[in-house]
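Everything below concerns the one structure shown next.
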Amino acid sequence: MHEKSVDAPRDEAPYTLDQPAPRVLGFWDQSAFWANLGVSLLAFSGAYTVLAPTADGKPTISIMAGITAMIVGTVIGGLMLGLAAVPGARTGRPAMVLLRGLFGARPSYLPTLLNVAQLIGWGTFELITIAGAARALYDGVPRWVYVVAAGVITTVLTIWPLGSVRLLRRYVTVAVCVALVYFYIQLLREPLPDLNQGSWGGFWIGADAALAVSISWVPVAADYTRHSRTQRAAFGAATVGYSITQIIAYVLGLFALALVAGDSSRIYDPFLHVTLGAMIFAIFVLREADQSFANVYSTAVSIQNLVPRADRRVLSIALGVLITVLALALDINDYAGFLSLIGSVFVPMLGVLAADFFLGSGRRGWNTTRSAPARWNMIVAWLIGIVVYQLINPGTVAHWTDLWQNVQKTLHFTPATWMSASLFSFLAAAAAALLLSPLTRKSKPNTLA
């Protein structure tokens, strides 16, 4: 892993952090990539989250309110994703390396480790999801076969990441669009229940759920946009490409939920019971590997912030094996809440990054070397955003949730239903970053590893 490095092909991602990133991805390459990430089996199975379900799983708002909330949340989240995409395109640096300039080299290791943990978890989750959907199509094969097959496909894609992105543009995106149109036609022919039945009381809870899904990709955006030819292409592709398909996928998922009376365990039934449903649905199952591919590749690139000379190919193979083993051994639902908790810390981090990069010291250029000094003012701004998020939404992890609920009681604070934890924490962190920005010690910009 630390031997003399060999240069990667000119049109492929570099093997190590000290090699330059080729600028070979245009707007349509990136649009196809983000559009495919916006269509996920998890968007179908997780569509009920925008209905602001109660603790016992019952929706609190109507399907129509959920659709509206999802659109609002996705548009806001898409804009945030676009903001996260630009720094990678401008600097050519991956996401976690950019944090050297934001927080300092050594402080960047903490969010890097958190990102590695959540990406391994979500990569494992994707393999389990793929295997579950595949067994819904055909259960004559043992589950482990599907898990291993998905793990192998994922690992192969990570070896040639930019080639995989171009493959999505040329072939997969067209097939996914055909599948979406087909299922819309088929599901809308079914007798849907009254979509307005229910309230609008939990509108912002639903919007926040959709927003959180969109910005879950924020910690990895620059890993891909560092290969963008222009900043405009990076912003536009991430914002528009992702938002459009997430909206389309979630609306389809909500229609499917309506047809099964809100039972999320039967979410795939409406797709499989229509004419040619199993064959068309197989397209979604196969292309779900792009989700696990993105998680695994970005894990490898994140680790390079800690070990710059590590070969991403070696890391990718090791990580592919790891998530496959975890998918065979674990029930991911046992710690899905913990993964969401980790993800929540990156929402205010984006607020700090956007404020400092576009309006603060980032305009002069960040020092992203391994000797970049700590910027404690930005770390404090990040912590302020985290506190705001947890006060509004303490999550579902037992002891952590109890802690923040006790803080709420101590402060006599009860979050209103219209409060978006993601949006409020983003704004609070951004405002704190701007207020504390004058305390930054000037450092000579440098973009070498």
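Each chain in the structure tokens gets a letter, A, B and so on, in the order shown; residues start at 1 in every chain, and ligands are counted from 1 in the order they appear.
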
Considering only C-alpha atoms, give me a table of residues in segment 2-92 of chain A that are at most 8 Å from segment 247-267 of chain A, with the closest atom pair and distance in Å for each, as a tab-separated table.
```
residue	atom	partner	partner_atom	distance
A:Gly38	CA	A:Ala249	CA	7.4
A:Val39	CA	A:Ala249	CA	5.6
A:Ser40	CA	A:Ala249	CA	7.3
A:Ala43	CA	A:Tyr250	CA	5.6
A:Phe44	CA	A:Gly253	CA	4.2
A:Ser45	CA	A:Ile267	CA	5.9
A:Gly46	CA	A:Ser264	CA	7.7
A:Ala47	CA	A:Gly253	CA	5.6
A:Tyr48	CA	A:Leu254	CA	7.0
A:Pro59	CA	A:Gly262	CA	7.9
A:Ile63	CA	A:Leu254	CA	6.8
A:Ile67	CA	A:Val251	CA	6.2
A:Met70	CA	A:Ile247	CA	7.1
A:Ile71	CA	A:Ile247	CA	6.0
A:Thr74	CA	A:Ile247	CA	6.9
```

Identify all residues of segment 242-448 of chain A in alpha helix (DSSP H) (DSSP on the backbone) and supply them as an MDAnalysis selection string.
chainID A and resid 242:259 269:272 277:287 289:306 312:329 336:344 346:359 376:392 398:411 421:436

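Among the candidates A:Thr396, A:Ser361, A:Gln291, A:Gln390, the one nearest to Leu439 of chain A when counting only C-alpha atoms is A:Ser361.
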
Pick out the residues sitting within 8 Å of segment 35-37 of chain A, and hand them over as number ranges by chain; count only C-alpha atoms, and ignore anything fewer than 3 positions along from it in its own chain.
A: 31-32, 40, 168, 173, 176, 241-246, 287, 290-291

Residues just named, written with C-alpha atoms as a PDB file, in the first residue's frame:
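Output file part-v9.pdb is given in full below:
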```pdb
ATOM      1  CA  SER A  31     -25.971  14.408 -14.445  1.00  0.00           C
ATOM      2  CA  ALA A  32     -26.358  10.709 -15.229  1.00  0.00           C
ATOM      3  CA  SER A  40     -32.984   3.995  -5.269  1.00  0.00           C
ATOM      4  CA  LEU A 168     -24.120   4.956 -16.254  1.00  0.00           C
ATOM      5  CA  THR A 173     -29.722   5.908 -17.217  1.00  0.00           C
ATOM      6  CA  VAL A 176     -33.869   3.423 -15.563  1.00  0.00           C
ATOM      7  CA  GLY A 241     -29.800  15.676 -11.856  1.00  0.00           C
ATOM      8  CA  TYR A 242     -30.265  14.405  -8.327  1.00  0.00           C
ATOM      9  CA  SER A 243     -33.345  16.449  -7.412  1.00  0.00           C
ATOM     10  CA  ILE A 244     -35.409  15.511 -10.459  1.00  0.00           C
ATOM     11  CA  THR A 245     -34.968  11.776 -10.104  1.00  0.00           C
ATOM     12  CA  GLN A 246     -35.377  11.729  -6.322  1.00  0.00           C
ATOM     13  CA  ARG A 287     -28.591  -0.567 -10.951  1.00  0.00           C
ATOM     14  CA  ASP A 290     -24.297   2.244  -8.198  1.00  0.00           C
ATOM     15  CA  GLN A 291     -25.354   3.237  -4.670  1.00  0.00           C
TER      16      GLN A 291
END
```

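For the residues A:Ile130, A:Ile283, A:Val72, A:Ala212, ranking by smallest atom-to-atom distance to Val178 of chain A using only C-alpha atoms places A:Ile283 first.
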
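Taking atom CA of Thr124 of chain A and atom CA of Thr324 of chain A as endpoints, the distance between them is 6.8 Å.
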
Please report as CSV every residue of segment 356-433 of chain A lying within 12 Å of segment 214-222 of chain A, along with the nearest atom pair and their distance in Å (one decimal), using only C-alpha atoms.
```
residue,atom,partner,partner_atom,distance
A:Ser422,CA,A:Ile215,CA,9.0
A:Leu423,CA,A:Ile215,CA,10.7
A:Phe426,CA,A:Ile215,CA,10.9
```

Could you write out that same residue set with C-alpha atoms as a PDB file, in the first residue's frame?
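As written to disk, out.pdb reads:
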```pdb
ATOM      1  CA  SER A 422     -31.381  20.092   8.763  1.00  0.00           C
ATOM      2  CA  LEU A 423     -32.209  23.607   7.565  1.00  0.00           C
ATOM      3  CA  PHE A 426     -27.204  24.493   8.371  1.00  0.00           C
TER       4      PHE A 426
END
```

From the list A:Ser108, A:Thr225, A:Thr49, A:Thr158, which residue is nearest Val213 of chain A when using only C-alpha atoms?
A:Thr49

All residues 12 Å or closer to Val296 of chain A, only C-alpha atoms, same chain fewer than 2 positions away omitted, as a PyMOL selection string:
chain A and resi 115-127+151-159+161+220+223+289-294+298-303+312-324

Output for the residues just chosen: N, CA and C atoms as a short mmCIF file (atom, residue, chain, number, x, y, z; two decimals), in the first residue's frame:
```cif
data_model
loop_
_atom_site.label_atom_id
_atom_site.label_comp_id
_atom_site.auth_asym_id
_atom_site.auth_seq_id
_atom_site.Cartn_x
_atom_site.Cartn_y
_atom_site.Cartn_z
N ASN A 115 -17.16 9.68 8.59
CA ASN A 115 -17.61 9.43 7.22
C ASN A 115 -17.32 8.00 6.79
N VAL A 116 -16.13 7.50 7.14
CA VAL A 116 -15.78 6.12 6.82
C VAL A 116 -16.77 5.16 7.48
N ALA A 117 -17.10 5.43 8.75
CA ALA A 117 -18.02 4.55 9.48
C ALA A 117 -19.40 4.54 8.83
N GLN A 118 -19.92 5.73 8.48
CA GLN A 118 -21.26 5.77 7.91
C GLN A 118 -21.29 5.18 6.50
N LEU A 119 -20.23 5.39 5.72
CA LEU A 119 -20.22 4.86 4.36
C LEU A 119 -20.12 3.33 4.35
N ILE A 120 -19.34 2.78 5.26
CA ILE A 120 -19.30 1.32 5.37
C ILE A 120 -20.67 0.80 5.76
N GLY A 121 -21.32 1.49 6.69
CA GLY A 121 -22.66 1.08 7.10
C GLY A 121 -23.67 1.14 5.97
N TRP A 122 -23.68 2.25 5.24
CA TRP A 122 -24.64 2.38 4.14
C TRP A 122 -24.29 1.45 2.98
N GLY A 123 -23.01 1.21 2.75
CA GLY A 123 -22.64 0.23 1.72
C GLY A 123 -23.16 -1.15 2.07
N THR A 124 -23.05 -1.51 3.34
CA THR A 124 -23.60 -2.79 3.81
C THR A 124 -25.11 -2.81 3.65
N PHE A 125 -25.76 -1.71 4.03
CA PHE A 125 -27.21 -1.58 3.90
C PHE A 125 -27.64 -1.81 2.46
N GLU A 126 -26.89 -1.24 1.51
CA GLU A 126 -27.26 -1.39 0.09
C GLU A 126 -27.19 -2.85 -0.36
N LEU A 127 -26.16 -3.57 0.07
CA LEU A 127 -26.07 -4.99 -0.32
C LEU A 127 -27.25 -5.78 0.24
N GLY A 151 -21.82 -7.74 -3.95
CA GLY A 151 -20.51 -7.30 -3.46
C GLY A 151 -19.46 -7.32 -4.55
N VAL A 152 -19.48 -8.35 -5.39
CA VAL A 152 -18.51 -8.45 -6.48
C VAL A 152 -18.72 -7.33 -7.50
N ILE A 153 -19.98 -7.11 -7.89
CA ILE A 153 -20.29 -6.05 -8.86
C ILE A 153 -19.86 -4.70 -8.31
N THR A 154 -20.16 -4.46 -7.05
CA THR A 154 -19.78 -3.20 -6.40
C THR A 154 -18.28 -2.99 -6.45
N THR A 155 -17.53 -4.02 -6.10
CA THR A 155 -16.07 -3.92 -6.06
C THR A 155 -15.49 -3.66 -7.44
N VAL A 156 -16.01 -4.33 -8.44
CA VAL A 156 -15.52 -4.14 -9.81
C VAL A 156 -15.75 -2.69 -10.26
N LEU A 157 -16.93 -2.14 -9.94
CA LEU A 157 -17.22 -0.76 -10.33
C LEU A 157 -16.26 0.23 -9.68
N THR A 158 -15.84 -0.05 -8.44
CA THR A 158 -14.95 0.88 -7.74
C THR A 158 -13.53 0.88 -8.29
N ILE A 159 -13.14 -0.19 -8.96
CA ILE A 159 -11.79 -0.25 -9.53
C ILE A 159 -11.65 0.77 -10.66
N PRO A 161 -13.75 3.82 -11.33
CA PRO A 161 -14.87 4.68 -10.95
C PRO A 161 -15.33 5.64 -12.05
N VAL A 220 -19.62 13.13 0.20
CA VAL A 220 -18.89 12.43 -0.86
C VAL A 220 -18.90 13.21 -2.18
N ASP A 223 -15.72 14.02 -4.09
CA ASP A 223 -14.94 12.87 -4.56
C ASP A 223 -15.13 12.66 -6.06
N ALA A 289 -26.60 -1.21 -7.55
CA ALA A 289 -25.16 -1.35 -7.27
C ALA A 289 -24.42 -0.02 -7.40
N ASP A 290 -25.00 0.96 -8.12
CA ASP A 290 -24.30 2.24 -8.20
C ASP A 290 -24.31 2.96 -6.85
N GLN A 291 -25.31 2.66 -6.01
CA GLN A 291 -25.35 3.24 -4.67
C GLN A 291 -24.22 2.66 -3.81
N SER A 292 -24.11 1.34 -3.83
CA SER A 292 -23.04 0.71 -3.04
C SER A 292 -21.67 1.07 -3.61
N PHE A 293 -21.58 1.20 -4.94
CA PHE A 293 -20.32 1.62 -5.56
C PHE A 293 -19.90 2.99 -5.04
N ALA A 294 -20.83 3.95 -5.01
CA ALA A 294 -20.49 5.29 -4.54
C ALA A 294 -20.04 5.27 -3.09
N SER A 298 -16.06 6.14 -2.20
CA SER A 298 -15.83 7.31 -1.35
C SER A 298 -15.22 6.93 -0.01
N THR A 299 -15.49 5.72 0.47
CA THR A 299 -14.80 5.26 1.67
C THR A 299 -13.30 5.17 1.42
N ALA A 300 -12.94 4.59 0.28
CA ALA A 300 -11.52 4.46 -0.07
C ALA A 300 -10.85 5.83 -0.18
N VAL A 301 -11.53 6.77 -0.85
CA VAL A 301 -10.96 8.11 -1.01
C VAL A 301 -10.87 8.83 0.33
N SER A 302 -11.85 8.60 1.21
CA SER A 302 -11.81 9.21 2.55
C SER A 302 -10.62 8.69 3.35
N ILE A 303 -10.36 7.39 3.26
CA ILE A 303 -9.22 6.81 3.97
C ILE A 303 -7.91 7.42 3.48
N ARG A 312 -6.04 3.33 -3.90
CA ARG A 312 -7.49 3.21 -3.77
C ARG A 312 -8.00 1.86 -4.29
N ARG A 313 -7.29 1.23 -5.21
CA ARG A 313 -7.72 -0.07 -5.73
C ARG A 313 -7.62 -1.14 -4.64
N VAL A 314 -6.53 -1.11 -3.91
CA VAL A 314 -6.36 -2.06 -2.80
C VAL A 314 -7.41 -1.80 -1.73
N LEU A 315 -7.63 -0.52 -1.42
CA LEU A 315 -8.64 -0.16 -0.42
C LEU A 315 -10.03 -0.59 -0.87
N SER A 316 -10.33 -0.39 -2.14
CA SER A 316 -11.66 -0.73 -2.65
C SER A 316 -11.94 -2.22 -2.56
N ILE A 317 -10.94 -3.01 -2.91
CA ILE A 317 -11.12 -4.48 -2.83
C ILE A 317 -11.33 -4.91 -1.39
N ALA A 318 -10.52 -4.36 -0.48
CA ALA A 318 -10.65 -4.70 0.93
C ALA A 318 -12.01 -4.28 1.47
N LEU A 319 -12.45 -3.09 1.10
CA LEU A 319 -13.74 -2.59 1.57
C LEU A 319 -14.90 -3.38 0.96
N GLY A 320 -14.77 -3.76 -0.31
CA GLY A 320 -15.81 -4.58 -0.94
C GLY A 320 -15.99 -5.90 -0.22
N VAL A 321 -14.87 -6.52 0.17
CA VAL A 321 -14.93 -7.76 0.93
C VAL A 321 -15.57 -7.51 2.30
N LEU A 322 -15.18 -6.41 2.93
CA LEU A 322 -15.70 -6.10 4.27
C LEU A 322 -17.21 -5.92 4.28
N ILE A 323 -17.75 -5.10 3.37
CA ILE A 323 -19.19 -4.87 3.40
C ILE A 323 -19.96 -6.13 3.00
N THR A 324 -19.35 -6.96 2.18
CA THR A 324 -20.00 -8.22 1.82
C THR A 324 -20.11 -9.13 3.05
#
```

Could you jot down the atom CA of Ser371 of chain A to atom CA of Gln19 of chain A separation for me, Å, one decimal place?
18.0 Å

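Taking atom CA of Leu192 of chain A and atom CA of Ala65 of chain A as endpoints, the distance between them is 15.5 Å.
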
Counting only C-alpha atoms, figure out which residue out of A:Val141, A:Met64, A:Leu162, A:Ala150 gets nearest to Pro14 of chain A.
A:Leu162
